[in-house]
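Visitor: My structure is stored as data-v6.cif, with mmCIF, C-alpha atoms.
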```cif
data_target
#
loop_
_atom_site.label_atom_id
_atom_site.label_comp_id
_atom_site.auth_asym_id
_atom_site.auth_seq_id
_atom_site.Cartn_x
_atom_site.Cartn_y
_atom_site.Cartn_z
CA MET E 1 -126.19 52.33 -23.03
CA SER E 2 -126.24 53.09 -19.33
CA ARG E 3 -123.18 55.00 -18.10
CA ARG E 4 -121.36 55.75 -14.90
CA TYR E 5 -119.35 58.87 -14.26
CA VAL E 6 -116.04 58.60 -12.43
CA LEU E 7 -114.19 61.49 -10.84
CA VAL E 8 -110.46 60.83 -10.85
CA ARG E 9 -107.49 62.67 -9.42
CA ILE E 10 -104.17 62.52 -11.21
CA PHE E 11 -100.97 62.52 -9.19
CA SER E 12 -97.72 62.98 -11.05
CA THR E 13 -94.22 64.34 -10.73
CA ALA E 14 -94.85 66.88 -13.53
CA PRO E 15 -98.04 68.52 -14.87
CA VAL E 16 -100.16 66.36 -17.15
CA THR E 17 -102.14 67.65 -20.13
CA GLU E 18 -105.60 66.54 -21.19
CA GLU E 19 -104.22 64.82 -24.31
CA GLN E 20 -101.60 62.92 -22.34
CA PHE E 21 -104.20 61.72 -19.84
CA ALA E 22 -106.63 60.63 -22.55
CA LYS E 23 -103.86 58.84 -24.38
CA ALA E 24 -102.62 57.05 -21.25
CA THR E 25 -106.15 55.89 -20.35
CA THR E 26 -106.83 54.55 -23.84
CA ALA E 27 -103.41 52.89 -24.00
CA SER E 28 -103.97 51.15 -20.65
CA ILE E 29 -107.37 49.80 -21.72
CA LEU E 30 -105.92 48.64 -25.04
CA THR E 31 -102.99 46.91 -23.34
CA TYR E 32 -105.03 44.98 -20.80
CA PHE E 33 -108.40 44.50 -22.52
CA GLY E 34 -107.74 45.01 -26.23
CA GLU E 35 -109.79 46.68 -28.91
CA ILE E 36 -112.97 44.81 -28.01
CA GLY E 37 -112.52 45.80 -24.37
CA LEU E 38 -112.07 49.42 -25.40
CA SER E 39 -115.27 49.37 -27.41
CA ARG E 40 -117.14 47.75 -24.53
CA ILE E 41 -115.84 50.09 -21.86
CA SER E 42 -116.22 53.03 -24.27
CA PRO E 43 -114.56 55.61 -22.02
CA LYS E 44 -115.23 59.27 -22.69
CA LEU E 45 -113.37 62.15 -21.14
CA ILE E 46 -116.13 64.51 -20.05
CA ARG E 47 -114.08 67.09 -18.22
CA PHE E 48 -110.44 67.76 -17.43
CA ASP E 49 -109.26 70.28 -14.87
CA SER E 50 -105.52 70.80 -15.18
CA ARG E 51 -105.44 73.19 -12.20
CA ARG E 52 -106.87 70.57 -9.83
CA SER E 53 -105.41 67.63 -11.75
CA SER E 54 -108.80 66.01 -11.89
CA ALA E 55 -110.99 64.60 -14.61
CA VAL E 56 -114.44 63.13 -15.10
CA LEU E 57 -114.75 60.00 -17.22
CA ALA E 58 -117.92 58.43 -18.55
CA VAL E 59 -117.80 54.63 -18.67
CA ALA E 60 -120.22 51.87 -19.70
CA LYS E 61 -121.98 50.75 -16.51
CA ASP E 62 -121.33 47.04 -16.96
CA TYR E 63 -117.58 47.51 -17.43
CA ILE E 64 -116.70 49.66 -14.46
CA VAL E 65 -114.44 46.96 -12.98
CA GLU E 66 -112.39 46.84 -16.19
CA MET E 67 -112.13 50.63 -16.17
CA GLN E 68 -110.98 50.70 -12.52
CA THR E 69 -108.39 48.04 -13.33
CA ALA E 70 -107.09 49.95 -16.35
CA LEU E 71 -106.80 53.12 -14.25
CA ALA E 72 -105.03 51.22 -11.46
CA LEU E 73 -102.45 49.91 -13.90
CA ILE E 74 -101.47 53.33 -15.21
CA GLY E 75 -97.97 54.00 -13.90
CA ARG E 76 -96.81 56.67 -16.33
CA ILE E 77 -98.52 59.48 -18.19
CA GLY E 78 -96.44 60.90 -20.99
CA GLU E 79 -92.90 60.99 -19.69
CA THR E 80 -93.71 61.29 -16.00
CA ASP E 81 -94.48 58.80 -13.26
CA ALA E 82 -98.13 59.10 -12.32
CA SER E 83 -101.08 57.47 -10.64
CA VAL E 84 -104.78 57.91 -11.28
CA LEU E 85 -107.06 57.50 -8.29
CA PRO E 86 -110.83 57.30 -8.77
CA LEU E 87 -112.39 59.22 -5.89
CA LYS E 88 -116.09 59.27 -6.68
CA MET E 89 -118.51 57.44 -8.90
CA SER E 90 -122.07 58.34 -9.79
CA GLY E 91 -124.83 57.71 -12.29
CA THR E 92 -125.05 61.43 -13.07
CA ILE E 93 -122.48 64.08 -13.93
CA LYS E 94 -123.91 66.25 -11.18
CA GLY E 95 -123.09 63.52 -8.68
CA VAL E 96 -119.37 63.78 -9.35
CA SER E 97 -119.23 67.57 -9.68
CA MET N 1 -112.88 49.79 13.77
CA PHE N 2 -111.63 50.41 10.26
CA GLU N 3 -113.12 49.63 6.91
CA PHE N 4 -110.29 49.38 4.38
CA MET N 5 -106.72 48.48 5.15
CA ASP N 6 -103.58 48.34 3.04
CA MET N 7 -101.43 45.80 4.80
CA HIS N 8 -98.21 46.46 2.94
CA ILE N 9 -96.85 49.98 2.70
CA LEU N 10 -93.09 50.40 2.61
CA PRO N 11 -92.36 54.04 3.42
CA LYS N 12 -88.94 55.55 2.80
CA VAL N 13 -88.17 55.97 6.48
CA ASP N 14 -85.47 58.60 5.91
CA ASP N 15 -87.53 60.76 3.57
CA GLU N 16 -90.00 62.76 5.65
CA SER N 17 -91.70 64.51 2.73
CA SER N 18 -92.26 61.20 0.93
CA CYS N 19 -93.80 59.71 4.10
CA ALA N 20 -96.08 62.70 4.55
CA ARG N 21 -97.18 62.54 0.91
CA MET N 22 -97.77 58.83 1.19
CA ALA N 23 -99.91 59.32 4.29
CA GLN N 24 -101.91 61.98 2.47
CA LEU N 25 -102.57 59.71 -0.52
CA VAL N 26 -103.41 56.72 1.65
CA ALA N 27 -105.99 58.80 3.53
CA LEU N 28 -107.38 60.27 0.30
CA SER N 29 -107.71 56.76 -1.16
CA GLY N 30 -110.08 55.84 1.65
CA TYR N 31 -107.95 53.64 3.86
CA LYS N 32 -108.58 53.73 7.58
CA ALA N 33 -105.58 51.59 8.51
CA VAL N 34 -102.21 50.59 7.11
CA GLY N 35 -99.56 48.01 7.80
CA LEU N 36 -96.25 49.85 7.68
CA SER N 37 -93.37 47.59 6.80
CA ILE N 38 -90.29 48.93 8.54
CA PRO N 39 -86.71 47.73 9.05
CA THR N 40 -86.35 45.69 12.24
CA GLY N 41 -83.67 47.98 13.65
CA LEU N 42 -85.57 51.24 13.11
CA LEU N 43 -85.16 53.64 16.01
CA GLY N 44 -88.10 54.46 18.25
CA ASP N 45 -88.07 58.12 17.21
CA ARG N 46 -88.49 57.26 13.54
CA GLN N 47 -91.26 54.81 14.38
CA LYS N 48 -93.05 57.53 16.31
CA PHE N 49 -92.61 59.96 13.43
CA LEU N 50 -94.06 57.45 10.95
CA ARG N 51 -97.00 56.72 13.22
CA ARG N 52 -97.69 60.41 13.69
CA CYS N 53 -97.50 61.03 9.94
CA PHE N 54 -100.33 58.59 9.25
CA GLN N 55 -102.33 59.14 12.42
CA ASP N 56 -102.50 62.88 11.72
CA LYS N 57 -104.37 61.99 8.53
CA GLY N 58 -106.77 59.73 10.41
CA VAL N 59 -105.13 56.46 9.41
CA GLU N 60 -104.52 53.80 12.05
CA VAL N 61 -101.01 52.31 11.94
CA PHE N 62 -99.92 48.72 12.48
CA LEU N 63 -96.24 47.89 12.35
CA ARG N 64 -95.18 45.06 10.14
CA VAL N 65 -91.98 43.24 9.43
CA ASP N 66 -91.10 41.35 6.26
CA LEU N 67 -88.85 38.40 6.92
CA THR N 68 -86.58 37.06 4.21
CA CYS N 69 -84.15 34.25 4.75
CA SER N 70 -82.95 31.09 3.13
CA LYS N 71 -82.83 28.52 5.93
CA ARG N 72 -85.50 27.02 8.16
CA GLU N 73 -83.56 27.63 11.39
CA GLU N 74 -83.00 31.23 10.44
CA LEU N 75 -86.71 31.81 9.84
CA LEU N 76 -87.71 30.18 13.13
CA LYS N 77 -85.14 32.27 14.98
CA LEU N 78 -86.43 35.47 13.40
CA LEU N 79 -90.02 34.54 14.20
CA ARG N 80 -89.14 33.90 17.86
CA ARG N 81 -87.42 37.25 18.02
CA PHE N 82 -89.88 39.49 16.20
CA ARG N 83 -93.32 37.98 16.70
CA SER N 84 -94.01 39.85 19.92
CA MET N 85 -92.53 43.12 18.63
CA PHE N 86 -94.66 43.61 15.50
CA ASP N 87 -98.38 43.65 14.78
CA ILE N 88 -98.04 41.85 11.47
CA ILE N 89 -95.47 39.34 10.25
CA GLY N 90 -95.01 38.70 6.55
CA VAL N 91 -92.60 36.27 4.95
CA ARG N 92 -91.14 36.84 1.51
CA CYS N 93 -90.89 33.35 0.07
CA THR N 94 -87.70 32.96 -1.88
CA SER N 95 -87.73 29.18 -2.03
CA HIS N 96 -90.33 26.44 -2.00
CA ASN N 97 -89.04 24.99 1.26
CA LEU N 98 -89.17 28.31 3.02
CA ALA N 99 -92.69 28.89 1.72
CA LEU N 100 -93.79 25.53 3.14
CA ILE N 101 -92.32 26.27 6.57
CA ALA N 102 -93.74 29.79 6.68
CA ALA N 103 -97.17 28.64 5.55
CA ARG N 104 -97.32 26.00 8.29
CA ASP N 105 -96.22 28.29 11.11
CA ARG N 106 -99.02 29.86 13.13
CA ARG N 107 -96.88 32.90 13.91
CA VAL N 108 -96.79 33.94 10.27
CA ASP N 109 -99.68 36.11 9.17
CA LEU N 110 -98.92 36.52 5.49
CA ILE N 111 -96.78 34.91 2.87
CA PHE N 112 -95.97 36.58 -0.41
CA PHE N 113 -93.98 35.77 -3.50
CA ASP N 114 -91.79 38.01 -5.61
CA SER N 115 -92.81 38.08 -9.23
CA THR N 116 -89.11 38.19 -10.12
CA THR N 117 -88.26 34.96 -8.26
CA ARG N 118 -88.51 32.14 -10.72
CA ASN N 119 -89.66 28.61 -9.91
CA VAL N 120 -91.29 29.60 -6.61
CA TRP N 121 -95.02 30.08 -6.52
CA PHE N 122 -98.04 29.29 -4.39
CA ASP N 123 -98.69 25.69 -5.39
CA ASP N 124 -101.02 22.99 -4.06
CA SER N 125 -98.46 21.60 -1.59
CA ILE N 126 -98.22 25.01 0.09
CA GLY N 127 -101.93 25.78 -0.20
CA ASN N 128 -102.78 22.45 1.41
CA VAL N 129 -100.95 23.22 4.67
CA SER N 130 -101.20 27.00 4.72
CA MET N 131 -102.34 28.63 7.93
CA ALA N 132 -101.07 32.00 6.74
CA MET N 133 -102.91 34.16 4.24
CA LEU N 134 -101.60 34.71 0.75
CA GLU N 135 -100.71 38.31 0.00
CA LEU N 136 -100.80 39.74 -3.51
CA ASN N 137 -98.91 42.96 -4.02
CA LEU N 138 -100.09 45.26 -6.77
CA THR N 139 -96.58 46.69 -7.14
CA SER N 140 -95.44 43.46 -8.79
CA VAL N 141 -97.96 44.11 -11.57
CA LEU N 142 -97.12 47.79 -11.81
CA LYS N 143 -93.38 47.23 -12.01
CA THR N 144 -93.47 44.41 -14.54
CA PRO N 145 -96.83 44.51 -16.30
CA ASN N 146 -96.44 41.47 -18.52
CA SER N 147 -98.51 38.39 -19.22
CA LEU N 148 -96.19 36.15 -17.14
CA VAL N 149 -96.89 38.11 -13.97
CA PHE N 150 -100.64 38.04 -14.64
CA THR N 151 -100.56 34.31 -15.34
CA ARG N 152 -98.73 33.69 -12.10
CA LEU N 153 -101.14 35.80 -10.08
CA ARG N 154 -104.09 34.02 -11.67
CA LYS N 155 -102.57 30.65 -10.72
CA ASP N 156 -101.88 31.82 -7.17
CA ILE N 157 -105.49 32.92 -6.81
CA GLU N 158 -106.76 29.66 -8.29
CA VAL N 159 -104.74 27.59 -5.79
CA ALA N 160 -105.75 29.81 -2.86
CA ARG N 161 -109.43 29.43 -3.75
CA ARG N 162 -109.07 25.67 -4.12
CA HIS N 163 -107.64 25.35 -0.61
CA ASN N 164 -109.75 28.07 1.03
CA VAL N 165 -106.74 30.22 1.79
CA GLY N 166 -107.61 33.87 2.36
CA VAL N 167 -106.17 36.32 -0.15
CA VAL N 168 -105.04 39.72 1.09
CA LEU N 169 -104.67 42.50 -1.46
CA SER N 170 -101.96 45.03 -0.75
CA SER N 171 -100.30 47.76 -2.71
CA GLY N 172 -96.72 47.04 -1.61
CA ALA N 173 -96.15 50.73 -2.31
CA THR N 174 -92.61 52.04 -1.91
CA SER N 175 -93.50 55.52 -3.15
CA PRO N 176 -96.64 57.70 -2.99
CA LEU N 177 -97.35 57.17 -6.68
CA LEU N 178 -97.73 53.42 -6.15
CA VAL N 179 -100.66 53.82 -3.76
CA ARG N 180 -103.99 52.67 -5.21
CA THR N 181 -107.53 52.89 -3.86
CA PRO N 182 -109.08 49.77 -2.28
CA ILE N 183 -111.66 49.61 -5.04
CA GLN N 184 -108.91 49.63 -7.67
CA MET N 185 -107.11 46.78 -5.93
CA ALA N 186 -110.33 44.80 -5.62
CA SER N 187 -111.03 45.40 -9.32
CA VAL N 188 -107.62 44.05 -10.34
CA ALA N 189 -108.17 40.96 -8.17
CA GLU N 190 -111.63 40.46 -9.63
CA ILE N 191 -110.21 40.56 -13.13
CA LEU N 192 -107.61 37.99 -12.04
CA GLY N 193 -110.20 35.53 -10.80
CA LEU N 194 -111.44 36.38 -7.32
CA SER N 195 -115.16 36.91 -6.76
CA LYS N 196 -116.43 40.40 -5.96
CA HIS N 197 -116.98 39.46 -2.32
CA GLU N 198 -113.56 37.83 -1.95
CA SER N 199 -111.77 40.77 -3.51
CA ILE N 200 -113.48 43.33 -1.29
CA SER N 201 -112.75 41.11 1.75
CA GLY N 202 -109.10 41.09 0.71
CA VAL N 203 -108.81 44.78 1.50
CA SER N 204 -111.25 44.94 4.40
CA THR N 205 -112.40 42.04 6.56
CA ILE N 206 -109.43 39.69 6.10
CA PRO N 207 -106.78 42.27 7.08
CA GLN N 208 -109.02 43.33 9.94
CA SER N 209 -109.33 39.75 11.19
CA ILE N 210 -105.53 39.32 11.10
CA VAL N 211 -104.92 42.48 13.09
CA ASP N 212 -107.70 41.71 15.58
CA ARG N 213 -106.34 38.19 16.14
CA ASN N 214 -102.84 39.51 16.73
CA LEU N 215 -104.01 42.20 19.14
CA LYS N 216 -105.89 39.53 21.04
CA ARG N 217 -102.83 37.29 21.11
CA ARG N 218 -100.71 40.09 22.46
CA SER N 219 -103.18 40.98 25.19
CA ARG N 220 -102.45 39.96 28.79
CA SER N 221 -105.46 37.71 29.10
CA TYR N 222 -104.42 35.51 26.17
CA VAL N 223 -103.00 32.15 27.18
CA GLU N 224 -103.39 29.82 24.22
CA GLU N 225 -105.67 29.40 21.21
CA GLY N 226 -109.14 29.27 22.78
CA VAL N 227 -107.86 29.81 26.34
CA GLU N 228 -108.11 33.20 28.04
CA THR N 229 -107.80 34.47 31.60
CA ILE N 230 -111.03 36.11 32.66
CA VAL N 231 -110.24 38.74 35.26
CA GLY N 232 -113.04 39.56 37.62
CA GLY N 233 -115.37 37.02 36.10
CA SER N 234 -117.95 35.05 38.03
CA ASP N 235 -119.27 31.58 37.33
CA SER N 236 -122.92 32.41 37.84
#
```
Mind turning the file's structure into structure tokens?
Guide:
Amino acid sequence: MSRRYVLVRIFSTAPVTEEQFAKATTASILTYFGEIGLSRISPKLIRFDSRRSSAVLAVAKDYIVEMQTALALIGRIGETDASVLPLKMSGTIKGVS
Amino acid sequence: MFEFMDMHILPKVDDESSCARMAQLVALSGYKAVGLSIPTGLLGDRQKFLRRCFQDKGVEVFLRVDLTCSKREELLKLLRRFRSMFDIIGVRCTSHNLALIAARDRRVDLIFFDSTTRNVWFDDSIGNVSMAMLELNLTSVLKTPNSLVFTRLRKDIEVARRHNVGVVLSSGATSPLLVRTPIQMASVAEILGLSKHESISGVSTIPQSIVDRNLKRRSRSYVEEGVETIVGGSDS
């Protein structure tokens, strides 16, 4: 399966942990696209930098629109208001580093 | 010339740090221009401050006013008063009648519907006569993310496509955390039924065409639709 790598920045009113971010992403995909959508998008958290509040996600190439939508619709992570903005997308991890 | 534009940002005009943060996020998201919706009575100093906030981050600013009223006469009066003062005019449609009047009026750039207002939506009778563009605000989805809101947005898009009405995608952000990137907004619209090209146009070429048209209309040489004064021109 061909993948795309997305660099995202997380903006929130309080610090967000890796687990909270992963949970929020999965929950958003499940809410808007369901279990089948989740299996199709098959997101994978490659890297999480809590200092910079950034993360790299690997996503199935054909479902990048669904992934962008799910990220756009995240309004809360854990107990804090948050937004996730994808800043860069590439076919290689190096491209988003 | 700008590439991406968010036509509907509602900054907290009294909160300087929030405005600065918003400007930072808008610039980071890749926008080159924004439509700042401000109260009609906002003082010149505050307007200048807001402009500076965004311009310092490399974002071009266009001032916008959102008109809300209940009667036809009231809307026409407001349009007469504010058309020349603002770059963009949007009308929040709170009733079907008002939506019809706003859609027909050439002075209105955008019409939008509140997801919380029941029994008012962008239907065929409005789409048929609409000269204004339909604006979809992402905030309505973020604030009430339920199937009813999505259904309504899908229907709005369906009607707009049927009648060739341009769809503008805006964030409608009232706080920095409600700002989304243009690609995210286009993705949401694509999921809701717009084509890839239409959704990208909704955050780029359509807003640009609205602003360009209004700048042209406000220029000295503009007389009427299709009529301009050519200064220093020759007929050879």
Visitor: With all atoms listed in the file considered, list every residue of chain E at most 8 Å from chain N, as number ranges by chain.
Guide: E: 11-12, 65-66, 68-69, 71-75, 81-83, 85-87
Visitor: Apply the PyMOL selection byres ((chain N and resi 83) around 12) to the file shown and report the selected residues as a VMD selection string.
Guide: chain N and resid 40 63 to 67 75 to 82 84 to 91 105 to 109 214 to 215 217 to 218
Visitor: Using atom CA of Met89 of chain E and atom CA of Phe48 of chain E as the two end points, give the distance in Å to one decimal.
Guide: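 These atoms are spaced 15.6 Å apart.
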Visitor: List as a ChimeraX atom specification the protein and nucleic acid residues near Ile29 of chain E, meaning an atom at most 9 Å away when only C-alpha atoms are counted, but skip any in the same chain fewer than 3 places from it.
Guide: /E:24-26,32-35,37-38,41,66-67,69-71
Visitor: Next, dump the selected residues to file, keeping only C-alpha atoms, as an mmCIF file, keeping the file's coordinate frame.
Guide:
```cif
data_model
loop_
_atom_site.group_PDB
_atom_site.id
_atom_site.type_symbol
_atom_site.label_atom_id
_atom_site.label_comp_id
_atom_site.auth_asym_id
_atom_site.auth_seq_id
_atom_site.Cartn_x
_atom_site.Cartn_y
_atom_site.Cartn_z
ATOM 1 C CA ALA E 24 -102.620 57.050 -21.250
ATOM 2 C CA THR E 25 -106.150 55.890 -20.350
ATOM 3 C CA THR E 26 -106.830 54.550 -23.840
ATOM 4 C CA TYR E 32 -105.030 44.980 -20.800
ATOM 5 C CA PHE E 33 -108.400 44.500 -22.520
ATOM 6 C CA GLY E 34 -107.740 45.010 -26.230
ATOM 7 C CA GLU E 35 -109.790 46.680 -28.910
ATOM 8 C CA GLY E 37 -112.520 45.800 -24.370
ATOM 9 C CA LEU E 38 -112.070 49.420 -25.400
ATOM 10 C CA ILE E 41 -115.840 50.090 -21.860
ATOM 11 C CA GLU E 66 -112.390 46.840 -16.190
ATOM 12 C CA MET E 67 -112.130 50.630 -16.170
ATOM 13 C CA THR E 69 -108.390 48.040 -13.330
ATOM 14 C CA ALA E 70 -107.090 49.950 -16.350
ATOM 15 C CA LEU E 71 -106.800 53.120 -14.250
#
```
Visitor: Running the PyMOL selection byres ((chain E and resi 58) around 8) on this model by hand, what would come out? Give it as a PyMOL selection string.
Guide: chain E and resi 3-6+43-46+56-57+59-60
Visitor: My list of candidates is N:Leu50, N:Ile111, N:Val120, N:Met7. Which is closest to Leu169 of chain N when distances are computed with all atoms listed in the file?
Guide: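 Counting all atoms listed in the file, the residue closest to Leu169 of chain N is N:Met7.
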Visitor: Might you spell out which residues the PyMOL selection byres ((chain E and resi 9) around 6) would select in the displayed file, as JSON, numbers by chain?
Guide: {"E": [8, 10, 53, 54, 84, 85]}
Visitor: Would you work out the distance separating atom CA of Thr17 of chain E from atom CA of Ser140 of chain N, expressed in Å to one decimal?
Guide: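 About the pair atom CA of Thr17 of chain E and atom CA of Ser140 of chain N: they are 27.5 Å apart.
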Visitor: Which residue, N:Leu136, N:Val59, N:Ile206, N:Met22, has the smallest gap to Arg92 of chain N when you use all atoms listed in the file?
Guide: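 Smallest distance to Arg92 of chain N is found for N:Leu136.
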Visitor: Which residues come within 9 Å of Phe4 of chain N, counting all atoms listed in the file, excluding same-chain residues fewer than 2 positions away, as a PyMOL selection string?
Guide: chain N and resi 2+6+30-34+182+200+203-205+207-208
Visitor: Work out how far atom CA of His96 of chain N is from atom CA of Ala160 of chain N, in Å to one decimal.
Guide: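 Answer for the atom CA of Ala160 of chain N to atom CA of His96 of chain N separation: 15.8 Å.
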Visitor: Which one of N:Gly193, N:Pro11, N:Gly226, N:Gly35 sits closest to Val61 of chain N if you count only C-alpha atoms?
Guide: N:Gly35
Visitor: Would you pick out the contacts of Ser50 of chain E at 8 Å or less, using all atoms listed in the file, so that residues sharing its chain but fewer than 6 positions from it are not included, and give the list as a VMD selection string?
Guide: chain E and resid 15 to 18
Visitor: Give as a count of residues only the set of residues within 8 Å of the point (-86.9, 22.5, 4.7), where distances use the file's coordinates and all atoms listed in the file.
Guide: 6
Visitor: Out of E:Thr80, E:Thr92, E:Ser42, E:Ser97, which residue has the shortest atom-to-atom distance to Ala14 of chain E when counting only C-alpha atoms?
Guide: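 When distances to Ala14 of chain E are compared using only C-alpha atoms, the smallest one comes from E:Thr80.
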Visitor: Which one of N:Lys48, N:Leu42, N:Arg213, N:Ala102 sits closest to Thr68 of chain N if you count all atoms listed in the file?
Guide: N:Ala102
Visitor: Point out the residue among N:Ala132, N:Cys53, N:Leu43, N:Leu194 with the least atom-to-atom distance to Ser17 of chain N, counting only C-alpha atoms.
Guide: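 Smallest distance to Ser17 of chain N is found for N:Cys53.
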